[in-house]
>>> print(open('protein_7.csv').read())   # CSV, C-alpha atoms
chain,number,residue,atom,x,y,z
Z,1414,MET,CA,-15.2,-5.3,-15.2
Z,1415,LEU,CA,-19.0,-4.9,-15.1
Z,1416,SER,CA,-19.5,-8.6,-14.8
Z,1417,ASN,CA,-17.8,-8.5,-11.4
Z,1418,LEU,CA,-20.6,-6.2,-10.2
Z,1419,ILE,CA,-23.5,-8.0,-11.8
Z,1420,VAL,CA,-22.6,-11.7,-11.4
Z,1421,THR,CA,-22.8,-11.8,-7.6
Z,1422,ASN,CA,-24.8,-13.5,-4.9
Z,1423,GLN,CA,-27.9,-11.3,-5.6
Z,1424,LYS,CA,-30.4,-13.7,-7.2
Z,1425,VAL,CA,-32.8,-11.4,-9.2
Z,1426,VAL,CA,-31.1,-9.0,-11.5
Z,1427,LEU,CA,-33.1,-6.3,-13.3
Z,1428,ILE,CA,-31.4,-4.3,-16.1
Z,1429,ILE,CA,-33.2,-1.1,-17.0
Z,1430,ASP,CA,-32.0,0.2,-20.4
Z,1431,GLN,CA,-32.9,3.8,-20.8
Z,1432,LEU,CA,-31.4,3.7,-24.3
Z,1433,ASN,CA,-34.0,1.1,-25.3
Z,1434,ARG,CA,-31.8,-1.5,-26.9
Z,1435,ASP,CA,-33.8,-4.7,-26.3
Z,1436,ARG,CA,-32.1,-6.4,-29.3
Z,1437,ILE,CA,-28.8,-6.7,-27.4
Z,1438,ALA,CA,-30.3,-8.0,-24.2
Z,1439,LEU,CA,-29.5,-11.7,-24.6
Z,1440,LYS,CA,-26.0,-11.1,-26.0
Z,1441,PHE,CA,-25.2,-8.6,-23.3
Z,1442,ILE,CA,-26.2,-10.8,-20.4
Z,1443,THR,CA,-24.6,-13.9,-21.9
Z,1444,SER,CA,-21.3,-12.0,-22.3
Z,1445,LEU,CA,-21.4,-11.0,-18.6
Z,1446,LEU,CA,-21.9,-14.6,-17.5
Z,1447,SER,CA,-19.2,-15.8,-19.9
Z,1448,GLU,CA,-16.7,-13.4,-18.4
Z,1449,GLN,CA,-17.3,-15.1,-15.0
Z,1450,GLY,CA,-17.0,-18.6,-16.4
Z,1451,GLU,CA,-20.8,-19.3,-16.2
Z,1452,GLY,CA,-21.6,-19.2,-19.9
Z,1453,ASN,CA,-22.4,-22.9,-20.1
Z,1454,ASP,CA,-25.1,-23.1,-17.4
Z,1455,ILE,CA,-27.7,-20.8,-18.9
Z,1456,LYS,CA,-31.4,-21.4,-19.3
Z,1457,ALA,CA,-33.8,-19.2,-21.3
Z,1458,LEU,CA,-37.4,-19.1,-22.2
Z,1459,PRO,CA,-38.5,-19.4,-25.9
Z,1460,ILE,CA,-39.5,-16.1,-27.5
Z,1461,GLY,CA,-42.4,-15.1,-29.7
Z,1462,THR,CA,-45.9,-16.6,-29.5
Z,1463,GLN,CA,-44.7,-19.5,-27.4
Z,1464,LEU,CA,-44.7,-17.0,-24.4
Z,1465,LYS,CA,-48.5,-17.1,-24.4
Z,1466,HIS,CA,-48.5,-20.7,-23.2
Z,1467,VAL,CA,-48.1,-21.2,-19.5
Z,1468,ALA,CA,-46.6,-24.6,-20.2
Z,1469,SER,CA,-43.5,-22.9,-21.6
Z,1470,PHE,CA,-42.8,-21.3,-18.3
Z,1471,GLU,CA,-43.5,-24.4,-16.3
Z,1472,ALA,CA,-41.2,-26.4,-18.6
Z,1473,LEU,CA,-38.3,-24.1,-17.8
Z,1474,LEU,CA,-38.7,-24.7,-14.0
Z,1475,ARG,CA,-38.9,-28.5,-14.6
Z,1476,ASP,CA,-35.9,-28.4,-16.9
Z,1477,CYS,CA,-33.8,-26.5,-14.2
Z,1478,ALA,CA,-34.8,-29.1,-11.6
Z,1479,ASN,CA,-34.1,-32.1,-13.8
Z,1480,ASN,CA,-30.7,-30.9,-14.9
Z,1481,ALA,CA,-29.8,-30.0,-11.4
Z,1482,ASN,CA,-30.5,-33.6,-10.3
Z,1483,ASN,CA,-28.4,-34.8,-13.2
Z,1484,GLN,CA,-25.5,-32.6,-12.0
Z,1485,GLN,CA,-25.6,-34.2,-8.6
Z,1486,THR,CA,-25.2,-37.7,-10.2
Z,1487,ASN,CA,-22.3,-36.6,-12.3
Z,1488,PRO,CA,-19.7,-35.1,-9.9
Z,1489,THR,CA,-17.1,-34.9,-12.8
Z,1490,ASP,CA,-19.3,-32.4,-14.6
Z,1491,PRO,CA,-17.6,-28.9,-14.4
Z,1492,ILE,CA,-21.0,-27.2,-13.9
Z,1493,THR,CA,-21.4,-29.0,-10.6
Z,1494,THR,CA,-19.0,-26.7,-8.9
Z,1495,LYS,CA,-21.9,-24.2,-8.7
Z,1496,THR,CA,-25.5,-24.8,-7.8
Z,1497,GLY,CA,-28.4,-24.1,-10.1
Z,1498,TYR,CA,-28.7,-22.3,-13.4
Z,1499,ASN,CA,-28.7,-18.7,-14.6
Z,1500,VAL,CA,-32.2,-18.0,-16.1
Z,1501,ILE,CA,-32.4,-15.3,-18.8
Z,1502,LEU,CA,-36.0,-14.2,-19.3
Z,1503,PRO,CA,-37.3,-12.5,-22.4
Z,1504,THR,CA,-37.5,-8.7,-22.2
Z,1505,LEU,CA,-40.2,-7.3,-20.1
Z,1506,ALA,CA,-41.8,-5.7,-23.2
Z,1507,ASP,CA,-42.1,-9.2,-24.8
Z,1508,LEU,CA,-43.5,-10.8,-21.6
Z,1509,LEU,CA,-46.2,-8.1,-21.3
Z,1510,CYS,CA,-47.3,-8.9,-24.9
Z,1511,TYR,CA,-48.5,-12.4,-23.9
Z,1512,GLN,CA,-48.9,-12.5,-20.1
Z,1513,THR,CA,-50.5,-10.4,-17.4
Z,1514,PRO,CA,-48.4,-8.4,-14.9
Z,1515,ALA,CA,-49.7,-10.6,-12.0
Z,1516,PHE,CA,-48.4,-13.8,-13.8
Z,1517,ILE,CA,-45.0,-12.2,-14.5
Z,1518,PHE,CA,-44.6,-11.2,-10.8
Z,1519,ASP,CA,-45.7,-14.6,-9.6
Z,1520,TYR,CA,-43.2,-16.4,-12.0
Z,1521,LEU,CA,-40.4,-14.1,-10.9
Z,1522,ASN,CA,-41.1,-15.0,-7.3
Z,1523,LYS,CA,-41.1,-18.8,-8.2
Z,1524,LEU,CA,-37.7,-18.4,-9.8
Z,1525,ARG,CA,-36.4,-16.5,-6.8
Z,1526,GLN,CA,-37.6,-19.2,-4.5
Z,1527,SER,CA,-36.3,-22.1,-6.6
Z,1528,GLU,CA,-33.2,-23.8,-5.2
Z,1529,HIS,CA,-32.3,-24.9,-8.8
Z,1530,VAL,CA,-32.1,-21.3,-10.0
Z,1531,ARG,CA,-28.9,-19.4,-9.3
Z,1532,ARG,CA,-29.8,-16.1,-10.8
Z,1533,VAL,CA,-32.6,-14.5,-12.8
Z,1534,PHE,CA,-32.0,-11.8,-15.4
Z,1535,LEU,CA,-34.7,-9.5,-16.7
Z,1536,TRP,CA,-34.2,-6.7,-19.2
Z,1537,ALA,CA,-36.6,-3.7,-19.4
Z,1538,SER,CA,-36.6,-0.8,-21.8
Z,1539,PRO,CA,-39.1,1.8,-20.4
Z,1540,MET,CA,-39.9,3.2,-23.9
Z,1541,HIS,CA,-40.9,-0.2,-25.2
Z,1542,LEU,CA,-43.4,-1.1,-22.4
Z,1543,GLN,CA,-46.7,-0.8,-24.2
Z,1544,HIS,CA,-48.9,-1.1,-21.2
Z,1545,PRO,CA,-51.1,1.5,-19.4
Z,1546,ASP,CA,-49.6,0.7,-16.1
Z,1547,ALA,CA,-46.0,0.4,-17.3
Z,1548,ASP,CA,-44.5,2.6,-14.6
Z,1549,TYR,CA,-46.1,0.6,-11.8
Z,1550,ILE,CA,-45.1,-2.7,-13.4
Z,1551,LEU,CA,-41.5,-1.6,-13.7
Z,1552,ALA,CA,-41.6,-0.4,-10.1
Z,1553,GLY,CA,-42.9,-3.8,-9.1
Z,1554,CYS,CA,-40.0,-5.5,-10.9
Z,1555,GLU,CA,-37.5,-3.2,-9.1
Z,1556,TYR,CA,-39.1,-4.2,-5.8
Z,1557,LEU,CA,-38.6,-7.9,-6.5
Z,1558,ALA,CA,-35.0,-7.4,-7.8
Z,1559,GLU,CA,-32.1,-7.6,-5.5
Z,1560,LEU,CA,-29.8,-5.9,-8.0
Z,1561,VAL,CA,-30.8,-3.2,-10.4
Z,1562,LEU,CA,-28.5,-2.1,-13.2
Z,1563,ARG,CA,-29.6,1.1,-14.9
Z,1564,LEU,CA,-28.0,1.9,-18.2
Z,1565,GLU,CA,-28.4,5.7,-18.2
Z,1566,THR,CA,-26.3,6.7,-21.2
Z,1567,ASP,CA,-23.6,5.2,-23.5
Z,1568,SER,CA,-21.0,6.2,-20.9
Z,1569,THR,CA,-22.8,6.2,-17.5
Z,1570,LEU,CA,-24.7,3.6,-15.5
Z,1571,SER,CA,-26.0,3.2,-11.9
Z,1572,LEU,CA,-26.1,0.1,-9.8
Z,1573,ILE,CA,-28.4,-0.5,-6.8
Z,1574,SER,CA,-27.6,-3.6,-4.7
Z,1575,ARG,CA,-29.8,-4.8,-1.8
Z,1576,LYS,CA,-27.9,-6.8,0.8
Z,1577,PRO,CA,-29.4,-9.7,2.7
Z,1578,GLY,CA,-29.2,-7.7,6.0
Z,1579,GLY,CA,-31.4,-5.0,4.5
Z,1580,GLY,CA,-28.8,-2.4,3.5
Z,1581,VAL,CA,-28.9,-0.8,0.1
Z,1582,THR,CA,-25.9,0.4,-1.9
Z,1583,ASN,CA,-26.4,2.9,-4.7
Z,1584,LYS,CA,-23.4,3.7,-6.9
Z,1585,ARG,CA,-22.8,5.4,-10.3
Z,1586,TYR,CA,-20.1,4.4,-12.8
Z,1587,LYS,CA,-18.5,5.6,-15.9
Z,1588,CYS,CA,-18.4,2.8,-18.5
Z,1589,GLN,CA,-16.3,2.1,-21.5
Z,1590,VAL,CA,-16.9,-0.8,-23.9
Z,1591,SER,CA,-13.9,-2.4,-25.6
Z,1592,LYS,CA,-13.7,-5.4,-28.0
Z,1593,THR,CA,-13.2,-7.8,-25.2
Z,1594,GLU,CA,-14.8,-6.4,-22.0
Z,1595,PHE,CA,-17.0,-3.8,-20.4
Z,1596,GLN,CA,-14.9,-1.6,-18.2
Z,1597,VAL,CA,-16.5,0.5,-15.4
Z,1598,LYS,CA,-15.0,3.2,-13.1
Z,1599,PRO,CA,-16.8,4.7,-10.1
Z,1600,LEU,CA,-17.9,8.3,-10.6
Z,1601,THR,CA,-18.4,9.0,-6.9
Z,1602,GLU,CA,-17.9,7.1,-3.7
Z,1603,GLY,CA,-21.2,5.3,-3.1
Z,1604,ALA,CA,-22.7,5.1,0.3
Z,1605,ASP,CA,-25.2,2.7,1.9
Z,1606,THR,CA,-28.7,4.2,1.9
Z,1607,THR,CA,-32.2,3.0,2.5
Z,1608,THR,CA,-33.8,5.5,0.1
Z,1609,SER,CA,-34.9,4.8,-3.4
Z,1610,PRO,CA,-32.6,6.0,-6.3
Z,1611,ALA,CA,-35.1,8.8,-7.2
Z,1612,THR,CA,-35.0,10.2,-3.7
Z,1613,THR,CA,-32.5,13.0,-3.0
Z,1614,ILE,CA,-32.0,15.2,0.1
Z,1615,GLN,CA,-31.3,18.8,-0.6
Z,1616,GLU,CA,-30.2,21.4,1.9
Z,1617,THR,CA,-31.4,25.0,1.8
Z,1618,PRO,CA,-28.7,27.6,1.5
Z,1619,ASP,CA,-29.2,28.7,5.2
Z,1620,ASN,CA,-28.9,25.1,6.5
Z,1621,ALA,CA,-25.9,24.4,4.2
Z,1622,SER,CA,-24.0,27.4,5.6
Z,1623,ASP,CA,-24.9,26.8,9.2
Z,1624,PRO,CA,-25.4,23.0,10.0
Z,1625,GLY,CA,-26.4,23.7,13.6
Z,1626,ARG,CA,-29.1,26.2,12.8
Z,1627,THR,CA,-32.0,23.7,13.2
Z,1628,PHE,CA,-30.8,23.0,16.8
Z,1629,LYS,CA,-30.8,26.2,18.8
Z,1630,ILE,CA,-29.4,26.3,22.3
Z,1631,GLU,CA,-29.3,30.0,23.2
Z,1632,LEU,CA,-32.4,32.0,24.3
Z,1633,ASP,CA,-33.1,35.6,23.4
Z,1634,GLU,CA,-34.4,38.1,25.9
Z,1635,ASP,CA,-38.1,37.5,25.2
Z,1636,GLU,CA,-37.7,33.8,25.5
Z,1637,VAL,CA,-35.9,34.1,28.9
Z,1638,VAL,CA,-38.8,36.3,30.2
Z,1639,ALA,CA,-41.4,33.8,28.9
Z,1640,ARG,CA,-39.5,30.9,30.5
Z,1641,ASN,CA,-39.3,32.7,33.9
Z,1642,ALA,CA,-43.0,33.6,33.9
Z,1643,LEU,CA,-44.1,30.0,33.2
Z,1644,THR,CA,-45.4,28.2,36.3
Z,1645,LEU,CA,-45.1,24.4,36.1
Z,1646,PRO,CA,-47.8,22.2,37.5
Z,1647,TYR,CA,-45.6,20.7,40.3
Z,1648,GLU,CA,-44.4,24.1,41.6
Z,1649,ARG,CA,-45.9,25.6,44.8
Z,1650,THR,CA,-48.2,28.6,44.1
Z,1651,SER,CA,-48.4,29.9,47.8
Z,1652,GLU,CA,-46.0,30.8,50.5
Z,1653,ALA,CA,-45.3,28.4,53.3
Z,1654,GLU,CA,-47.4,28.9,56.5
Z,1655,ASP,CA,-47.0,28.0,60.2
Z,1656,GLY,CA,-47.7,24.3,61.0
Z,1657,ASN,CA,-51.2,24.6,62.4
Z,1658,ILE,CA,-53.6,21.7,62.4
Z,1659,ILE,CA,-57.1,22.5,61.3
Z,1660,TYR,CA,-59.8,19.9,61.8
Z,1661,THR,CA,-63.3,20.1,60.5
Z,1662,PRO,CA,-65.7,17.6,62.2
Z,1663,ASP,CA,-67.6,15.3,60.0
Z,1664,ALA,CA,-71.4,15.0,60.3
Z,1665,ASN,CA,-71.1,11.5,61.7
Z,1666,ASP,CA,-68.4,12.3,64.2
Z,1667,ASP,CA,-69.3,11.8,67.9
Z,1668,PHE,CA,-68.0,15.2,69.1
Z,1669,ASP,CA,-68.2,16.0,72.8
Z,1670,GLU,CA,-68.1,19.7,73.5
Z,1671,GLU,CA,-67.2,19.2,77.2
Z,1672,ASP,CA,-63.5,18.9,78.1
Z,1673,PRO,CA,-63.0,15.4,79.4
Z,1674,ASP,CA,-60.0,16.7,81.4
Z,1675,GLU,CA,-61.6,19.7,83.1
Z,1676,ASP,CA,-61.4,18.1,86.5
Z,1677,LEU,CA,-57.6,17.8,86.3
Z,1678,LEU,CA,-55.4,20.6,87.6
Z,1679,ILE,CA,-53.6,21.2,84.5
>>> encode(input="protein_7.csv", output="structure tokens")
Amino acid sequence: MLSNLIVTNQKVVLIIDQLNRDRIALKFITSLLSEQGEGNDIKALPIGTQLKHVASFEALLRDCANNANNQQTNPTDPITTKTGYNVILPTLADLLCYQTPAFIFDYLNKLRQSEHVRRVFLWASPMHLQHPDADYILAGCEYLAELVLRLETDSTLSLISRKPGGGVTNKRYKCQVSKTEFQVKPLTEGADTTTSPATTIQETPDNASDPGRTFKIELDEDEVVARNALTLPYERTSEAEDGNIIYTPDANDDFDEEDPDEDLLI
């Protein structure tokens, strides 16, 4: 099920819907949480004009903290088996209608750092982002997110998961919606990668046919001649001569031209 891939230890979940179905956002996320038995511990911001009031955002943080404290005092409460709440934010398009991108990023970061928040869900439909810097804002949300679900078509989706150790997993799935659940099946075997989803590595036809072509070991005739003609700095440039000692007197030397041993019969 898709919920097994989404409801994980990753705290910030961004859902990018390329089919632009903002109206199903809340129902879609709630159904995923309900499949994992977490449908009762959900917190959400009010929608509409109340989003222009900063107090609404602060009230949600206080509500999560207060209810978390109440959970600790009621150990028989079934919600206490898990820490914190799942926060479902309004769609990114709605948030941008009332708040600045800087405020949205700051609030996402506060939710991510809050010990009373288990997960944060944000839905974004690129075609509905009526902002001159929509591409950069969406990229910023992807940067903050630890898990990015991209609904590409009615039958395909991709999932990027950032692990705590720094690894990144990028996988694509074929999806099928039934009356009771959202089934997914891997299209290809995913591999850990540190590149963004838009980055691909393509081989030229020459390199694809000969993988070792970029690492050449053999030398052709001209290269051998050039190598032999090259004189390295540490190589001797003159032939060895006999071991003669040549001394050149210095101007300050006390040099006596007479042989001090001329009186000896040597």
>>> atom_distance(input="protein_7.csv", atom1="CA of Ile1437 (chain Z)", atom2="CA of Val1533 (chain Z)")
17.0 Å
>>> residues_around(input="protein_7.csv", residues="Leu1562 (chain Z)", least_positions_apart="4", cutoff="10 Å", atoms="only C-alpha atoms", output="mmCIF file with C-alpha atoms, in the coordinates of the input")
data_model
loop_
_atom_site.group_PDB
_atom_site.id
_atom_site.type_symbol
_atom_site.label_atom_id
_atom_site.label_comp_id
_atom_site.auth_asym_id
_atom_site.auth_seq_id
_atom_site.Cartn_x
_atom_site.Cartn_y
_atom_site.Cartn_z
ATOM 1 C CA LEU Z 1418 -20.600 -6.200 -10.200
ATOM 2 C CA ILE Z 1419 -23.500 -8.000 -11.800
ATOM 3 C CA VAL Z 1426 -31.100 -9.000 -11.500
ATOM 4 C CA LEU Z 1427 -33.100 -6.300 -13.300
ATOM 5 C CA ILE Z 1428 -31.400 -4.300 -16.100
ATOM 6 C CA ILE Z 1429 -33.200 -1.100 -17.000
ATOM 7 C CA ASP Z 1430 -32.000 0.200 -20.400
ATOM 8 C CA TRP Z 1536 -34.200 -6.700 -19.200
ATOM 9 C CA GLU Z 1555 -37.500 -3.200 -9.100
ATOM 10 C CA ALA Z 1558 -35.000 -7.400 -7.800
ATOM 11 C CA LEU Z 1570 -24.700 3.600 -15.500
ATOM 12 C CA SER Z 1571 -26.000 3.200 -11.900
ATOM 13 C CA LEU Z 1572 -26.100 0.100 -9.800
ATOM 14 C CA ILE Z 1573 -28.400 -0.500 -6.800
ATOM 15 C CA SER Z 1574 -27.600 -3.600 -4.700
ATOM 16 C CA LYS Z 1584 -23.400 3.700 -6.900
ATOM 17 C CA ARG Z 1585 -22.800 5.400 -10.300
#
>>> residues_around(input="protein_7.csv", residues="Arg1434 (chain Z)", least_positions_apart="6", cutoff="12 Å", atoms="all atoms listed in the file", output="MDAnalysis selection string")
chainID Z and resid 1428 1440:1441 1504 1506 1536:1541 1564:1567
>>> atom_distance(input="protein_7.csv", atom1="CA of Pro1514 (chain Z)", atom2="CA of Gly1452 (chain Z)")
29.3 Å
>>> atom_distance(input="protein_7.csv", atom1="CA of Lys1424 (chain Z)", atom2="CA of Leu1524 (chain Z)")
9.1 Å
>>> closest_residue(input="protein_7.csv", among="Z:Ile1630, Z:Leu1521, Z:Leu1415, Z:Leu1560", to="Ser1447 (chain Z)", atoms="all atoms listed in the file")
Z:Leu1415
>>> closest_atom_pairs(input="protein_7.csv", of="region 1501-1574 of chain Z", to="region 1465-1479 of chain Z", cutoff="9 Å", atoms="only C-alpha atoms", output="Markdown table")
| residue | atom | partner | partner_atom | distance |
| --- | --- | --- | --- | --- |
| Z:Leu1508 | CA | Z:Lys1465 | CA | 8.5 |
| Z:Cys1510 | CA | Z:Lys1465 | CA | 8.3 |
| Z:Tyr1511 | CA | Z:Lys1465 | CA | 4.7 |
| Z:Gln1512 | CA | Z:Lys1465 | CA | 6.3 |
| Z:Tyr1520 | CA | Z:Phe1470 | CA | 8.0 |
| Z:Lys1523 | CA | Z:Leu1474 | CA | 8.6 |
| Z:Leu1524 | CA | Z:Leu1474 | CA | 7.6 |
| Z:Ser1527 | CA | Z:Leu1474 | CA | 8.2 |
| Z:Glu1528 | CA | Z:Ala1478 | CA | 8.5 |
| Z:His1529 | CA | Z:Ala1478 | CA | 5.6 |
| Z:Val1530 | CA | Z:Cys1477 | CA | 6.9 |
>>> closest_residue(input="protein_7.csv", among="Z:Met1414, Z:Thr1582, Z:Asn1433, Z:Asn1480", to="Tyr1498 (chain Z)", atoms="only C-alpha atoms")
Z:Asn1480
>>> closest_residue(input="protein_7.csv", among="Z:Pro1545, Z:Pro1662, Z:Gly1497, Z:Pro1599", to="Glu1451 (chain Z)", atoms="all atoms listed in the file")
Z:Gly1497
